[in-house]
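Please read the structure below before turning to the comments.
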Amino acid sequence: MTAMIRAYDKAAFEDATPVYVLNENRLQAWVLERGGVAARWIESLGFNAAAGELAMVPGGEGGIEAVLLGASAEEGFWIAGVLPQRLPPGEYRIAEGPGDGFAEQAALAWALGAYRFTRYTGNGKPPATLVVSPGVAFDRVRSQADGITLCRDLINTPAMDMMPRDISETMRELSKTFGGRFEELVGEELLSGNYPMVHAVGRASANPPRMLELNWGDRGPGITLVGKGVAFDSGGLDIKSANGMRLMKKDMGGAAHVIGLAHMIVSSALPVRLRVLVPAAENAISGNAYRPGDVLTARNGKTVEIDNTDAEGRLLLADALCAAGEGDSEVVIDFATLTGAARVALGTEIPAMFSTTESLSRAVCEASDGVLDPVWPLP
């Protein structure tokens, strides 16, 4: 994905088509400064710099002299994400944008806006390429874009190609590439390894359940990431409806997020001790599926009565979070596609967050607000 953004190169930057990201007030100044044919062209288009509005000023030999993109404070730098798919193939540069740091933030938005899931369809039309501005931390942008792209690819891959073994292979490859330590327990090994609820959820599937663990780094604060890895959720014996099951390839989205975040951390060589735990299973149906009314014993010895087999995610996370608490990490963060009630409460655009540490909750909220990607703390 970072092929769609290019590290700063003086000659390439100067040759690239300039992009001006403007609000209505700045547009008037741009027209006065530019004058001539370009100004008359913009006026003839009726371009008002509304958010997302795009105008291309023609240049010689059928080329483009400049690109203008309307922006508002609400979209901020994310507005640049519309450009890779809307512009003709070629190389572009950010010539002007609102506020300090816009060029680097826009580079990330550009890379993410270029994303397409092409595993089964081919690449199609190549998106436009951004030559980043001088001073942009290209390696940081690339690390973020690659981690998010990995997360998206994992979630978008259909369950036939994203079973627990495939999640395992992804984590193993990440460990191998960046010098981590990877371990897994598979099938019946989960019982001897004391992950009984992971085993119970996944035992009915022809694809054995797994407990996956990646460790990386030997200095700095300890961080444990836990991700729900339900490769596909039929609902078990309390089977989902056809509509409810249609998108359940995404029920390993928690695992995808921790793997993508881990990729960002290790590729950036952050000074932390990272531990990643992913309980991976398919919630399927067969003669040995766990049942409503069954009483399971969790890793910590507590018993859990099953009311509904479509509540499998909390069982996986219970065992994994017990294991996370046995380590010496200062922070444990889990990611889960756990309940539709969060969507009912907050809608489809804002994720719910729960925390037992108020200072950490505030820090996450401030960081997310700072990049216009808010989360919402719930009690």
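By convention in this document, the chains of the structure tokens carry letters A, B, ... by their order, each chain's residues are numbered from 1, and ligands are numbered from 1 in the order they are shown.
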Skipping near chain neighbours, those fewer than 5 positions away, what residues fall within 12 Å of stretch 312-314 of chain A using only C-alpha atoms, listed as a PyMOL selection string? chain A and resi 197-202+226-239+251-255+278-284+289-292+296+298+304-307+319-322+334-339
Determine, for each residue of stretch 44-115 of chain A having at least one atom at most 10 Å from an atom of stretch 28-31 of chain A, the closest pair of atoms and their separation in Å to one decimal, counting only C-alpha atoms; order by chain and ascending number, as JSON lines.
```
{"residue": "A:Asn48", "atom": "CA", "partner": "A:Gln28", "partner_atom": "CA", "distance": 9.1}
{"residue": "A:Ala49", "atom": "CA", "partner": "A:Gln28", "partner_atom": "CA", "distance": 9.6}
{"residue": "A:Leu68", "atom": "CA", "partner": "A:Trp30", "partner_atom": "CA", "distance": 9.9}
```
Report as a PyMOL selection string all protein, DNA and RNA residues lying within 7 Å of stretch 148-156 of chain A, evaluated on only C-alpha atoms, omitting residues in the same chain fewer than 6 positions from it. chain A and resi 1+117+249-250+252-253+256-257+259-260
Written file, previous selection with N, CA, C and O atoms, as a compact mmCIF listing (two decimals), in the first residue's frame:
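again23.txt was written with the following content:
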```
# COMPACT_ATOMS: atom_id res chain seq x y z
N MET A 1 0.82 -1.20 0.00
CA MET A 1 0.00 0.00 0.00
C MET A 1 0.85 1.25 0.00
O MET A 1 0.51 2.25 -0.59
N PHE A 117 -9.05 -3.96 -1.57
CA PHE A 117 -8.81 -5.38 -1.32
C PHE A 117 -8.85 -6.10 -2.66
O PHE A 117 -9.91 -6.24 -3.27
N LYS A 249 -17.23 -13.38 8.88
CA LYS A 249 -15.79 -13.47 8.65
C LYS A 249 -15.05 -12.38 9.43
O LYS A 249 -13.86 -12.52 9.73
N LYS A 250 -15.76 -11.30 9.75
CA LYS A 250 -15.12 -10.17 10.44
C LYS A 250 -15.05 -10.36 11.94
O LYS A 250 -14.56 -9.47 12.65
N MET A 252 -13.12 -11.98 13.59
CA MET A 252 -11.74 -12.00 14.06
C MET A 252 -11.12 -10.60 13.95
O MET A 252 -9.90 -10.44 13.96
N GLY A 253 -11.97 -9.58 13.90
CA GLY A 253 -11.49 -8.21 13.78
C GLY A 253 -10.62 -7.78 14.95
O GLY A 253 -9.70 -6.97 14.78
N ALA A 256 -7.26 -9.11 14.20
CA ALA A 256 -6.67 -8.33 13.11
C ALA A 256 -6.11 -7.00 13.63
O ALA A 256 -5.03 -6.56 13.22
N HIS A 257 -6.84 -6.37 14.56
CA HIS A 257 -6.37 -5.09 15.10
C HIS A 257 -5.09 -5.25 15.90
O HIS A 257 -4.16 -4.43 15.78
N ILE A 259 -2.84 -7.57 15.60
CA ILE A 259 -1.75 -7.94 14.69
C ILE A 259 -1.28 -6.71 13.91
O ILE A 259 -0.08 -6.47 13.75
N GLY A 260 -2.23 -5.89 13.42
CA GLY A 260 -1.86 -4.67 12.73
C GLY A 260 -1.13 -3.70 13.63
O GLY A 260 -0.13 -3.07 13.23
```
Gap from atom CA of A:Asp139 to atom CA of A:Ser268 - Å, one decimal: 7.9 Å
Gap from atom CA of A:Leu130 to atom CA of A:Gly147 - Å, one decimal: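 Spanning atom CA of A:Leu130 to atom CA of A:Gly147 is a straight-line distance of 18.8 Å.
Using only C-alpha atoms for every distance, the candidate list A:Ser205, A:Asn23, A:Asn123, A:Thr170 yields A:Asn23 as the residue closest to A:Gly99.
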What lies within 8 Å of A:Ala103 using only C-alpha atoms, ignoring chain neighbours under 6 positions off, as a tab-separated table (two decimals) with N, CA, C and O atoms, in the first residue's frame?
```tsv
chain	number	residue	atom	x	y	z
A	94	ILE	N	1.62	17.64	-1.93
A	94	ILE	CA	0.81	18.59	-1.19
A	94	ILE	C	1.53	19.94	-1.20
A	94	ILE	O	2.61	20.09	-0.62
A	97	GLY	N	-1.85	23.12	2.69
A	97	GLY	CA	-2.89	22.49	3.48
A	97	GLY	C	-3.09	23.27	4.76
A	97	GLY	O	-2.26	24.09	5.15
A	132	VAL	N	5.89	12.56	-0.87
A	132	VAL	CA	5.71	13.26	0.40
A	132	VAL	C	6.58	14.50	0.47
A	132	VAL	O	7.62	14.61	-0.20
A	133	SER	N	6.18	15.43	1.27
A	133	SER	CA	6.87	16.71	1.41
A	133	SER	C	8.14	16.57	2.22
A	133	SER	O	8.29	15.64	3.02
A	136	VAL	N	8.65	15.25	6.18
A	136	VAL	CA	7.69	14.22	6.58
A	136	VAL	C	8.44	12.97	7.01
A	136	VAL	O	9.37	12.51	6.35
```
In stretch 100-252 of chain A, what's strand (DSSP E or B) per DSSP? Answer as a PyMOL selection string? chain A and resi 129-131+181-186+210-216+222-227+229-233
Go ahead and save the picked residues with N, CA, C and O atoms, as a compact mmCIF listing (two decimals), in the first residue's frame.
```
# COMPACT_ATOMS: atom_id res chain seq x y z
N THR A 129 -0.20 8.54 -7.01
CA THR A 129 0.89 8.42 -6.04
C THR A 129 1.23 9.79 -5.46
O THR A 129 1.28 10.79 -6.19
N LEU A 130 1.47 9.83 -4.17
CA LEU A 130 1.88 11.06 -3.49
C LEU A 130 3.37 11.03 -3.22
O LEU A 130 3.89 10.07 -2.63
N VAL A 131 4.08 12.06 -3.65
CA VAL A 131 5.47 12.26 -3.25
C VAL A 131 5.43 13.11 -1.99
O VAL A 131 4.95 14.25 -2.01
N ARG A 181 9.32 -13.84 19.14
CA ARG A 181 9.22 -15.24 19.59
C ARG A 181 7.75 -15.63 19.51
O ARG A 181 6.90 -15.01 20.14
N PHE A 182 7.47 -16.66 18.74
CA PHE A 182 6.09 -17.07 18.50
C PHE A 182 5.86 -18.48 19.03
O PHE A 182 6.68 -19.38 18.84
N GLU A 183 4.73 -18.66 19.72
CA GLU A 183 4.34 -19.96 20.24
C GLU A 183 2.85 -20.16 20.01
O GLU A 183 2.09 -19.19 19.95
N GLU A 184 2.43 -21.42 19.92
CA GLU A 184 1.00 -21.69 19.80
C GLU A 184 0.66 -23.04 20.43
O GLU A 184 1.50 -23.95 20.49
N LEU A 185 -0.56 -23.12 20.91
CA LEU A 185 -1.15 -24.37 21.37
C LEU A 185 -2.30 -24.68 20.42
O LEU A 185 -3.11 -23.80 20.12
N VAL A 186 -2.40 -25.93 19.98
CA VAL A 186 -3.36 -26.30 18.94
C VAL A 186 -4.22 -27.46 19.43
O VAL A 186 -3.69 -28.45 19.96
N ARG A 210 -6.83 -22.52 18.39
CA ARG A 210 -5.42 -22.28 18.74
C ARG A 210 -5.32 -21.12 19.73
O ARG A 210 -6.13 -20.19 19.69
N MET A 211 -4.32 -21.19 20.57
CA MET A 211 -3.94 -20.04 21.40
C MET A 211 -2.59 -19.58 20.89
O MET A 211 -1.60 -20.31 20.92
N LEU A 212 -2.55 -18.35 20.39
CA LEU A 212 -1.37 -17.81 19.71
C LEU A 212 -0.72 -16.76 20.60
O LEU A 212 -1.41 -15.90 21.17
N GLU A 213 0.59 -16.78 20.65
CA GLU A 213 1.32 -15.80 21.47
C GLU A 213 2.58 -15.36 20.75
O GLU A 213 3.37 -16.17 20.29
N LEU A 214 2.74 -14.04 20.67
CA LEU A 214 3.93 -13.44 20.09
C LEU A 214 4.55 -12.52 21.14
O LEU A 214 3.85 -11.72 21.75
N ASN A 215 5.86 -12.66 21.34
CA ASN A 215 6.59 -11.77 22.23
C ASN A 215 7.71 -11.10 21.45
O ASN A 215 8.39 -11.73 20.63
N TRP A 216 7.90 -9.81 21.72
CA TRP A 216 8.92 -9.04 21.00
C TRP A 216 9.45 -7.94 21.92
O TRP A 216 8.69 -7.31 22.65
N GLY A 222 6.08 -2.93 29.64
CA GLY A 222 5.42 -4.10 29.08
C GLY A 222 4.01 -3.77 28.64
O GLY A 222 3.23 -3.16 29.37
N ILE A 223 3.66 -4.16 27.41
CA ILE A 223 2.33 -3.96 26.86
C ILE A 223 1.82 -5.30 26.35
O ILE A 223 2.50 -5.97 25.56
N THR A 224 0.64 -5.70 26.79
CA THR A 224 0.01 -6.92 26.28
C THR A 224 -1.23 -6.55 25.50
O THR A 224 -2.09 -5.81 25.98
N LEU A 225 -1.30 -7.05 24.28
CA LEU A 225 -2.46 -6.85 23.41
C LEU A 225 -3.19 -8.17 23.26
O LEU A 225 -2.56 -9.20 22.95
N VAL A 226 -4.49 -8.16 23.47
CA VAL A 226 -5.31 -9.38 23.37
C VAL A 226 -6.38 -9.12 22.30
O VAL A 226 -7.07 -8.10 22.35
N GLY A 227 -6.52 -10.03 21.34
CA GLY A 227 -7.47 -9.83 20.27
C GLY A 227 -8.37 -11.03 20.05
O GLY A 227 -7.90 -12.16 19.92
N GLY A 229 -10.24 -13.69 18.21
CA GLY A 229 -9.96 -14.26 16.91
C GLY A 229 -10.97 -15.30 16.48
O GLY A 229 -10.59 -16.45 16.20
N VAL A 230 -12.25 -14.95 16.43
CA VAL A 230 -13.27 -15.90 15.95
C VAL A 230 -13.25 -15.85 14.42
O VAL A 230 -13.78 -14.91 13.81
N ALA A 231 -12.64 -16.85 13.82
CA ALA A 231 -12.44 -16.85 12.37
C ALA A 231 -13.76 -16.84 11.61
O ALA A 231 -13.88 -16.25 10.55
N PHE A 232 -14.75 -17.52 12.15
CA PHE A 232 -16.12 -17.44 11.62
C PHE A 232 -17.07 -17.81 12.74
O PHE A 232 -16.81 -18.73 13.51
N ASP A 233 -18.17 -17.07 12.82
CA ASP A 233 -19.13 -17.29 13.90
C ASP A 233 -20.48 -17.68 13.33
O ASP A 233 -21.25 -16.84 12.86
```
Neighbours of A:Val19 within 7 Å (only C-alpha atoms; same-chain residues fewer than 2 positions away dropped), as a list in words?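 Those residues are Thr17, Val21, Ala66, Val67, Leu68, Tyr92, Arg93, Ile94, Ala95 and Glu96 of chain A.
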Set the distance at 12 Å and use only C-alpha atoms: which residues neighbour A:Leu378 once local chain neighbours fewer than 3 positions away are removed? I'd like the list as a ChimeraX atom specification. /A:341-342,345-346,350-356,358,361,365,375
Writer output for current selection, all heavy atoms, as a compact mmCIF listing (two decimals), in the first residue's frame:
```txt
# COMPACT_ATOMS: atom_id res chain seq x y z
N ALA A 341 -24.63 -4.20 20.86
CA ALA A 341 -25.19 -3.15 21.71
C ALA A 341 -24.35 -1.88 21.66
O ALA A 341 -24.89 -0.78 21.81
CB ALA A 341 -25.31 -3.66 23.14
N ALA A 342 -23.04 -2.01 21.46
CA ALA A 342 -22.19 -0.82 21.34
C ALA A 342 -22.58 -0.02 20.10
O ALA A 342 -22.61 1.22 20.12
CB ALA A 342 -20.72 -1.22 21.26
N ALA A 345 -25.73 1.87 20.81
CA ALA A 345 -25.49 3.02 21.67
C ALA A 345 -24.81 4.17 20.93
O ALA A 345 -25.16 5.34 21.14
CB ALA A 345 -24.65 2.61 22.88
N LEU A 346 -23.84 3.84 20.07
CA LEU A 346 -22.96 4.87 19.52
C LEU A 346 -23.01 5.02 18.02
O LEU A 346 -22.38 5.92 17.46
CB LEU A 346 -21.51 4.58 19.94
CG LEU A 346 -21.25 4.53 21.45
CD1 LEU A 346 -19.81 4.11 21.72
CD2 LEU A 346 -21.55 5.87 22.09
N ILE A 350 -18.25 5.33 15.66
CA ILE A 350 -17.46 5.58 16.87
C ILE A 350 -17.41 4.31 17.71
O ILE A 350 -18.45 3.79 18.12
CB ILE A 350 -18.06 6.73 17.71
CG1 ILE A 350 -18.10 8.02 16.88
CG2 ILE A 350 -17.25 6.95 18.98
CD1 ILE A 350 -18.70 9.20 17.61
N PRO A 351 -16.21 3.79 17.98
CA PRO A 351 -16.12 2.58 18.81
C PRO A 351 -16.24 2.88 20.30
O PRO A 351 -15.86 3.96 20.76
CB PRO A 351 -14.72 2.03 18.48
CG PRO A 351 -13.94 3.23 18.05
CD PRO A 351 -14.92 4.18 17.41
N ALA A 352 -16.79 1.92 21.03
CA ALA A 352 -16.88 2.03 22.48
C ALA A 352 -15.55 1.63 23.12
O ALA A 352 -14.85 0.75 22.62
CB ALA A 352 -18.00 1.15 23.00
N MET A 353 -15.24 2.28 24.23
CA MET A 353 -14.03 1.94 24.98
C MET A 353 -14.40 1.79 26.45
O MET A 353 -15.18 2.57 27.00
CB MET A 353 -12.97 3.03 24.83
CG MET A 353 -11.72 2.77 25.66
SD MET A 353 -10.51 4.10 25.56
CE MET A 353 -11.40 5.44 26.34
N PHE A 354 -13.84 0.78 27.07
CA PHE A 354 -14.01 0.56 28.51
C PHE A 354 -12.62 0.50 29.14
O PHE A 354 -11.70 -0.09 28.57
CB PHE A 354 -14.74 -0.76 28.79
CG PHE A 354 -16.07 -0.87 28.11
CD1 PHE A 354 -16.17 -1.33 26.81
CD2 PHE A 354 -17.24 -0.50 28.77
CE1 PHE A 354 -17.39 -1.43 26.17
CE2 PHE A 354 -18.47 -0.60 28.13
CZ PHE A 354 -18.55 -1.07 26.83
N SER A 355 -12.46 1.12 30.29
CA SER A 355 -11.14 1.11 30.95
C SER A 355 -11.31 1.14 32.46
O SER A 355 -12.22 1.79 32.98
CB SER A 355 -10.32 2.32 30.50
OG SER A 355 -9.07 2.36 31.17
N THR A 356 -10.42 0.44 33.14
CA THR A 356 -10.39 0.49 34.59
C THR A 356 -9.43 1.56 35.10
O THR A 356 -9.31 1.76 36.30
CB THR A 356 -9.94 -0.87 35.16
OG1 THR A 356 -8.65 -1.20 34.64
CG2 THR A 356 -10.93 -1.97 34.78
N GLU A 358 -8.61 5.53 34.70
CA GLU A 358 -9.14 6.78 34.15
C GLU A 358 -8.08 7.56 33.39
O GLU A 358 -8.37 8.15 32.33
CB GLU A 358 -9.71 7.64 35.28
CG GLU A 358 -10.43 8.89 34.76
CD GLU A 358 -11.09 9.68 35.87
OE1 GLU A 358 -11.21 9.14 36.99
OE2 GLU A 358 -11.49 10.83 35.61
N SER A 361 -7.67 6.05 30.00
CA SER A 361 -8.85 6.36 29.20
C SER A 361 -8.78 7.78 28.64
O SER A 361 -9.05 8.02 27.45
CB SER A 361 -10.12 6.19 30.04
OG SER A 361 -11.27 6.56 29.33
N CYS A 365 -8.53 8.93 24.66
CA CYS A 365 -9.51 9.87 24.10
C CYS A 365 -8.81 11.09 23.51
O CYS A 365 -9.17 11.56 22.42
CB CYS A 365 -10.50 10.30 25.16
SG CYS A 365 -11.68 9.02 25.64
N VAL A 375 -12.97 7.87 19.91
CA VAL A 375 -13.57 6.74 20.60
C VAL A 375 -14.43 7.33 21.72
O VAL A 375 -14.32 8.50 22.05
CB VAL A 375 -12.54 5.77 21.18
CG1 VAL A 375 -11.67 5.20 20.08
CG2 VAL A 375 -11.65 6.45 22.23
```
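Proximity ranking of A:Ala206, A:Ala73, A:Leu108, A:Val331 relative to A:Met160 places A:Ala206 first, based on only C-alpha atoms.
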Neighbour list for A:Gln105 as a list in words, cut-off 9 Å, only C-alpha atoms, skip fewer than 2 positions in-chain: Phe77, Trp78, Ala80, Gly101, Phe102, Ala103, Ala107, Leu108, Ala109, Trp110, Val136, Val141 and Val371 of chain A
Rounded to one decimal in Å, what is the spacing between atom CA of A:Leu87 and atom CA of A:Ala128?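 Rounded to one decimal, the two atoms are 6.1 Å apart.
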